[in-house]
Amino acid sequence: MKKLAGQMLTTRGVVAFWLLWCLAFVLMLWAASPGRTLQDALAAELLQGHLAGGYQLRNPPLYEWLLWTVRQFVGPGPLSYLILRYSLIAATGILFTLALLRMVASARLAAAFSLSLVLFFWFGWEIHHSVSHTLALLASSLALFIAALAYAERLTARLALLLGLVAGVGLMAKWSFLLVVLSLGVALAVTPETRRIYREPRTLLALAGAALPILPFALWLATIDPALIGRRTVPSGRELSLDQAVQGIAAFLTGIPLVFLPWIAFVLFFAWRFPKTPPSPPTLSHAVAIRLASLTAIATLALMAALLLVAFTTSGALFGISRFAIHYLFPFSLFAALALAGLLAQRVEEQRFAQRLAILSLAVALVIFVVKLASFHVVPGRSEATNLLPYARLADELSRRGLGTAQFVTLSPRDAGNLAIYLTAARALSLSARIEPPPADPVPDRACVLLWGGEYSVPPAEPPEPNPSPSKLLKPLGLGQSGGQAEAITVDWPKPLIGVQRRSVWHLLRGASVEDVCRRVAAKGML
């Protein structure tokens, strides 16, 4: 491990690590996974296999644009979702390395800190399955920081356009990117070495660069009912209770330290074990970068606190967000980690600190890979094991029944998205996930099917009742008495090496009595 760590402690070595680690996950998940994650399913349900200026109001469309592009090269199956996810993870790791090189004099230390990203629980573990648009947000935030530093050093028209382009792309990743833009803007303004960009006329070119990626979404937005935009942006409803406000504040405050765990514990421990005396002073350029990262992190946190305060006092939360889930803190933690890395790099003994941190990071990266692989073959009795839901086998069974090109309507976004992924000629949407009408079906006369269920049991036990109840789907459609006519589709899960094999049962309703109402709701996308 010591020799491998030494090879990774160069800029080229750490780039190779991120590419190879992500490639290993793509190949492993492609071979072992019988279905895709909820986040990938949501993306598939929104995309519906077509390119558009926008897909929903809650999130901008960059992730779907990237997904559509990848699908053009590798096809519409599950591999395209894996390639996009891990390309963005690798890009985040590489951009983090480039940002570190702006504030750390030693490429060896920069590589060690970059490898240590896997020591963040959210990056090492959660990022593999719990986020989608946030992946593009992380890469865009780091790219914006690098572009801003480059422009502050050389005030050229080309770099101004590039800065604007990165900002526009980031805004199309996730609306919370606005927090990063505003925070970095404040940091640039209060830092003496960088505030000159606001007096430079060429900075206006950044606005033109930002407009380019935003324009397609703006044109799409112009086709949406303004009343719908208002309802989705600031939903009406009763004021937040005191308990809800306290819970939101508690989640925000506790999330700040939790988002750094366990990374910060290991980094500070190694810094304590391998100090450098006396500390080396940073160069001016490194000091400026550290200051910008610190101020950006602080300003991001302050803006999030201000938004929470506005939500609690006015009940006018944008997009209905009255609390920040921990993934909203991910960009803040990256900027704070950059600043802390820059400060610690002046105070640690390079050789031993970098080596120990790299060895630990590589060991954790290997453990994460092994545990993820084992999760497909070891199934504890009480584990939900949603990563083993047999969507590939369900798709095969539906194709065998002549439904490989059908339109499916379901209440489950996980079901709808996975059917869209594994039945590439079919169309599937979830009435619980979509808030805007879906795109028009290019094959309007295809068979239309209502689908629900998927609950599992261990044979010979009977499967549990569907949850949610099929009446939530059938009654609003006037088909409340038709549930007894549904076909049952029994699908066995992959057999684990350790644990018992499970079985899921889905139900589908089709036929002449269902076709018309199914097509109407499929075109509308909502009950």
# chains A, B, ... in the order shown; residues from 1 in each chain; ligands from 1
>>> residues_around(residues="segment 456-463 of chain A", least_positions_apart="3", cutoff="8 Å", atoms="only C-alpha atoms", output="PyMOL selection string")
chain A and resi 500-505
>>> write_last_selection(atoms="N, CA and C atoms", output="PDB file, in the first residue's frame")
ATOM      1  N   VAL A 500     -31.344 -15.062   2.276  1.00  0.00           N
ATOM      2  CA  VAL A 500     -32.383 -15.805   1.565  1.00  0.00           C
ATOM      3  C   VAL A 500     -32.800 -15.052   0.307  1.00  0.00           C
ATOM      4  N   GLN A 501     -33.251 -15.802  -0.665  1.00  0.00           N
ATOM      5  CA  GLN A 501     -33.724 -15.198  -1.912  1.00  0.00           C
ATOM      6  C   GLN A 501     -35.127 -14.635  -1.714  1.00  0.00           C
ATOM      7  N   ARG A 502     -35.350 -13.478  -2.249  1.00  0.00           N
ATOM      8  CA  ARG A 502     -36.647 -12.823  -2.111  1.00  0.00           C
ATOM      9  C   ARG A 502     -37.416 -12.874  -3.427  1.00  0.00           C
ATOM     10  N   ARG A 503     -38.674 -12.463  -3.313  1.00  0.00           N
ATOM     11  CA  ARG A 503     -39.548 -12.471  -4.494  1.00  0.00           C
ATOM     12  C   ARG A 503     -40.453 -11.250  -4.434  1.00  0.00           C
ATOM     13  N   SER A 504     -40.554 -10.551  -5.547  1.00  0.00           N
ATOM     14  CA  SER A 504     -41.442  -9.390  -5.641  1.00  0.00           C
ATOM     15  C   SER A 504     -42.600  -9.687  -6.570  1.00  0.00           C
ATOM     16  N   VAL A 505     -43.727  -9.049  -6.289  1.00  0.00           N
ATOM     17  CA  VAL A 505     -44.917  -9.212  -7.124  1.00  0.00           C
ATOM     18  C   VAL A 505     -45.412  -7.836  -7.549  1.00  0.00           C
TER      19      VAL A 505
END
>>> select_by_dssp(residues="segment 319-491 of chain A", states="strand (DSSP E or B)", output="PyMOL selection string")
chain A and resi 348+378+407-410+427-430+448-457+487-491
>>> write_last_selection(atoms="N, CA, C and O atoms", output="mmCIF file, in the first residue's frame")
data_model
loop_
_atom_site.group_PDB
_atom_site.id
_atom_site.type_symbol
_atom_site.label_atom_id
_atom_site.label_comp_id
_atom_site.auth_asym_id
_atom_site.auth_seq_id
_atom_site.Cartn_x
_atom_site.Cartn_y
_atom_site.Cartn_z
ATOM 1 N N VAL A 348 2.250 21.224 8.256
ATOM 2 C CA VAL A 348 2.480 19.787 8.400
ATOM 3 C C VAL A 348 3.783 19.398 7.702
ATOM 4 O O VAL A 348 4.223 20.061 6.754
ATOM 5 N N VAL A 378 -24.670 -10.187 -0.257
ATOM 6 C CA VAL A 378 -24.944 -10.445 1.154
ATOM 7 C C VAL A 378 -26.168 -9.628 1.539
ATOM 8 O O VAL A 378 -26.134 -8.387 1.510
ATOM 9 N N GLN A 407 -46.765 1.896 -22.927
ATOM 10 C CA GLN A 407 -46.754 3.052 -22.036
ATOM 11 C C GLN A 407 -47.179 2.572 -20.649
ATOM 12 O O GLN A 407 -48.255 2.011 -20.475
ATOM 13 N N PHE A 408 -46.318 2.769 -19.638
ATOM 14 C CA PHE A 408 -46.630 2.364 -18.276
ATOM 15 C C PHE A 408 -46.919 3.605 -17.436
ATOM 16 O O PHE A 408 -46.226 4.617 -17.538
ATOM 17 N N VAL A 409 -47.946 3.504 -16.602
ATOM 18 C CA VAL A 409 -48.295 4.574 -15.667
ATOM 19 C C VAL A 409 -48.316 3.967 -14.276
ATOM 20 O O VAL A 409 -48.970 2.947 -14.034
ATOM 21 N N THR A 410 -47.601 4.566 -13.337
ATOM 22 C CA THR A 410 -47.470 4.034 -11.991
ATOM 23 C C THR A 410 -47.383 5.169 -10.986
ATOM 24 O O THR A 410 -47.160 6.331 -11.365
ATOM 25 N N ARG A 427 -42.212 3.430 -22.653
ATOM 26 C CA ARG A 427 -42.351 4.754 -22.054
ATOM 27 C C ARG A 427 -43.004 4.550 -20.692
ATOM 28 O O ARG A 427 -43.963 3.787 -20.565
ATOM 29 N N ALA A 428 -42.493 5.205 -19.663
ATOM 30 C CA ALA A 428 -43.034 5.017 -18.321
ATOM 31 C C ALA A 428 -42.975 6.326 -17.551
ATOM 32 O O ALA A 428 -41.991 7.057 -17.634
ATOM 33 N N LEU A 429 -44.040 6.623 -16.835
ATOM 34 C CA LEU A 429 -44.034 7.827 -16.022
ATOM 35 C C LEU A 429 -44.711 7.565 -14.692
ATOM 36 O O LEU A 429 -45.544 6.673 -14.552
ATOM 37 N N SER A 430 -44.331 8.344 -13.720
ATOM 38 C CA SER A 430 -44.857 8.232 -12.370
ATOM 39 C C SER A 430 -45.721 9.447 -12.069
ATOM 40 O O SER A 430 -45.282 10.580 -12.223
ATOM 41 N N CYS A 448 -51.281 0.971 -23.382
ATOM 42 C CA CYS A 448 -51.106 1.719 -22.140
ATOM 43 C C CYS A 448 -51.498 0.826 -20.967
ATOM 44 O O CYS A 448 -52.564 0.190 -20.976
ATOM 45 N N VAL A 449 -50.643 0.791 -19.953
ATOM 46 C CA VAL A 449 -50.772 -0.169 -18.863
ATOM 47 C C VAL A 449 -50.608 0.549 -17.523
ATOM 48 O O VAL A 449 -49.712 1.385 -17.374
ATOM 49 N N LEU A 450 -51.460 0.230 -16.561
ATOM 50 C CA LEU A 450 -51.313 0.711 -15.195
ATOM 51 C C LEU A 450 -50.554 -0.350 -14.396
ATOM 52 O O LEU A 450 -50.859 -1.544 -14.498
ATOM 53 N N LEU A 451 -49.567 0.085 -13.614
ATOM 54 C CA LEU A 451 -48.718 -0.868 -12.896
ATOM 55 C C LEU A 451 -48.507 -0.403 -11.462
ATOM 56 O O LEU A 451 -48.343 0.792 -11.208
ATOM 57 N N TRP A 452 -48.516 -1.364 -10.518
ATOM 58 C CA TRP A 452 -48.253 -1.044 -9.122
ATOM 59 C C TRP A 452 -47.693 -2.286 -8.420
ATOM 60 O O TRP A 452 -47.658 -3.372 -8.978
ATOM 61 N N GLY A 453 -47.252 -2.079 -7.196
ATOM 62 C CA GLY A 453 -46.758 -3.211 -6.412
ATOM 63 C C GLY A 453 -45.250 -3.204 -6.288
ATOM 64 O O GLY A 453 -44.607 -2.160 -6.192
ATOM 65 N N GLY A 454 -44.671 -4.429 -6.302
ATOM 66 C CA GLY A 454 -43.240 -4.590 -6.156
ATOM 67 C C GLY A 454 -42.804 -4.980 -4.765
ATOM 68 O O GLY A 454 -41.619 -5.162 -4.496
ATOM 69 N N GLU A 455 -43.774 -5.119 -3.832
ATOM 70 C CA GLU A 455 -43.420 -5.529 -2.467
ATOM 71 C C GLU A 455 -42.827 -6.934 -2.496
ATOM 72 O O GLU A 455 -43.198 -7.758 -3.333
ATOM 73 N N TYR A 456 -41.938 -7.197 -1.562
ATOM 74 C CA TYR A 456 -41.239 -8.483 -1.598
ATOM 75 C C TYR A 456 -41.624 -9.361 -0.410
ATOM 76 O O TYR A 456 -42.130 -8.895 0.615
ATOM 77 N N SER A 457 -41.370 -10.628 -0.568
ATOM 78 C CA SER A 457 -41.547 -11.609 0.496
ATOM 79 C C SER A 457 -40.487 -12.679 0.316
ATOM 80 O O SER A 457 -39.782 -12.708 -0.701
ATOM 81 N N GLU A 487 -53.286 -8.438 -13.605
ATOM 82 C CA GLU A 487 -52.385 -9.581 -13.757
ATOM 83 C C GLU A 487 -51.258 -9.464 -12.731
ATOM 84 O O GLU A 487 -50.735 -8.368 -12.504
ATOM 85 N N ALA A 488 -50.891 -10.566 -12.145
ATOM 86 C CA ALA A 488 -49.770 -10.590 -11.206
ATOM 87 C C ALA A 488 -48.507 -11.015 -11.932
ATOM 88 O O ALA A 488 -48.523 -11.969 -12.720
ATOM 89 N N ILE A 489 -47.414 -10.286 -11.693
ATOM 90 C CA ILE A 489 -46.112 -10.617 -12.281
ATOM 91 C C ILE A 489 -45.155 -10.919 -11.143
ATOM 92 O O ILE A 489 -44.789 -10.028 -10.370
ATOM 93 N N THR A 490 -44.773 -12.149 -11.022
ATOM 94 C CA THR A 490 -43.889 -12.592 -9.951
ATOM 95 C C THR A 490 -42.456 -12.663 -10.467
ATOM 96 O O THR A 490 -42.195 -13.307 -11.489
ATOM 97 N N VAL A 491 -41.570 -11.995 -9.768
ATOM 98 C CA VAL A 491 -40.173 -11.930 -10.202
ATOM 99 C C VAL A 491 -39.272 -12.270 -9.019
ATOM 100 O O VAL A 491 -39.356 -11.633 -7.955
#
>>> closest_residue(among="A:Gly170, A:Gly342, A:Gly480, A:Pro437", to="Ile290 of chain A", atoms="only C-alpha atoms")
A:Gly342
>>> residues_around(residues="Val443 of chain A", least_positions_apart="6", cutoff="12 Å", atoms="only C-alpha atoms", output="ChimeraX atom specification")
/A:405-407,425-427,519,523
>>> closest_residue(among="A:Pro438, A:Gly381, A:Gly124, A:Pro464", to="Arg520 of chain A", atoms="only C-alpha atoms")
A:Pro438
>>> residues_around(residues="Trp125 of chain A", least_positions_apart="4", cutoff="8 Å", atoms="only C-alpha atoms", output="PyMOL selection string")
chain A and resi 118+121+368
>>> atom_distance(atom1="atom CA of Phe217 of chain A", atom2="atom CA of Gly53 of chain A")
4.6 Å
>>> residues_around(residues="Arg202 of chain A", least_positions_apart="6", cutoff="8 Å", atoms="only C-alpha atoms", output="list in words")
Leu155, Thr156, Ala157 and Ala160 of chain A
>>> closest_residue(among="A:Lys3, A:Lys524, A:His133, A:His377", to="Pro494 of chain A", atoms="only C-alpha atoms")
A:His377
>>> closest_residue(among="A:Leu109, A:Val288, A:Ile197, A:Ala43", to="Gln346 of chain A", atoms="only C-alpha atoms")
A:Leu109
>>> residues_around(residues="Gly93 of chain A", least_positions_apart="5", cutoff="12 Å", atoms="only C-alpha atoms", output="PyMOL selection string")
chain A and resi 11+14-22+86-88+98-100+110-118+123-124+135+138-140+142-143+334
>>> closest_residue(among="A:Pro61, A:Val74, A:Leu295, A:Ser285", to="Leu184 of chain A", atoms="only C-alpha atoms")
A:Leu295
>>> residues_around(residues="Phe25 of chain A", least_positions_apart="6", cutoff="10 Å", atoms="only C-alpha atoms", output="PyMOL selection string")
chain A and resi 31+82-83+86+128+369+372-373
>>> closest_residue(among="A:Tyr391, A:Phe145, A:Phe353, A:Trp272", to="Phe335 of chain A", atoms="only C-alpha atoms")
A:Phe145
>>> select_by_dssp(residues="segment 184-299 of chain A", states="helix (DSSP H, G or I)", output="VMD selection string")
chain A and resid 184 to 190 195 to 199 201 to 221 226 to 233 242 to 258 263 to 273 284 to 299
>>> decode(residues="segment 493-505 of chain A", atoms="N, CA and C atoms", output="compact mmCIF listing (two decimals), in the first residue's frame")
# COMPACT_ATOMS: atom_id res chain seq x y z
N TRP A 493 -35.79 -12.32 -6.99
CA TRP A 493 -34.59 -11.50 -6.88
C TRP A 493 -33.36 -12.36 -7.22
N PRO A 494 -32.25 -11.72 -7.55
CA PRO A 494 -31.01 -12.50 -7.70
C PRO A 494 -30.70 -13.24 -6.40
N LYS A 495 -30.22 -14.45 -6.51
CA LYS A 495 -29.94 -15.26 -5.32
C LYS A 495 -28.64 -14.81 -4.68
N PRO A 496 -28.67 -14.40 -3.41
CA PRO A 496 -27.44 -13.93 -2.76
C PRO A 496 -26.56 -15.08 -2.30
N LEU A 497 -25.29 -14.78 -2.08
CA LEU A 497 -24.39 -15.78 -1.52
C LEU A 497 -24.70 -16.02 -0.05
N ILE A 498 -25.06 -14.94 0.65
CA ILE A 498 -25.43 -15.03 2.06
C ILE A 498 -26.79 -14.35 2.22
N GLY A 499 -27.74 -15.07 2.79
CA GLY A 499 -29.09 -14.55 2.93
C GLY A 499 -30.07 -15.33 2.08
N VAL A 500 -31.34 -15.06 2.28
CA VAL A 500 -32.38 -15.80 1.56
C VAL A 500 -32.80 -15.05 0.31
N GLN A 501 -33.25 -15.80 -0.66
CA GLN A 501 -33.72 -15.20 -1.91
C GLN A 501 -35.13 -14.63 -1.71
N ARG A 502 -35.35 -13.48 -2.25
CA ARG A 502 -36.65 -12.82 -2.11
C ARG A 502 -37.42 -12.87 -3.43
N ARG A 503 -38.67 -12.46 -3.31
CA ARG A 503 -39.55 -12.47 -4.49
C ARG A 503 -40.45 -11.25 -4.43
N SER A 504 -40.55 -10.55 -5.55
CA SER A 504 -41.44 -9.39 -5.64
C SER A 504 -42.60 -9.69 -6.57
N VAL A 505 -43.73 -9.05 -6.29
CA VAL A 505 -44.92 -9.21 -7.12
C VAL A 505 -45.41 -7.84 -7.55
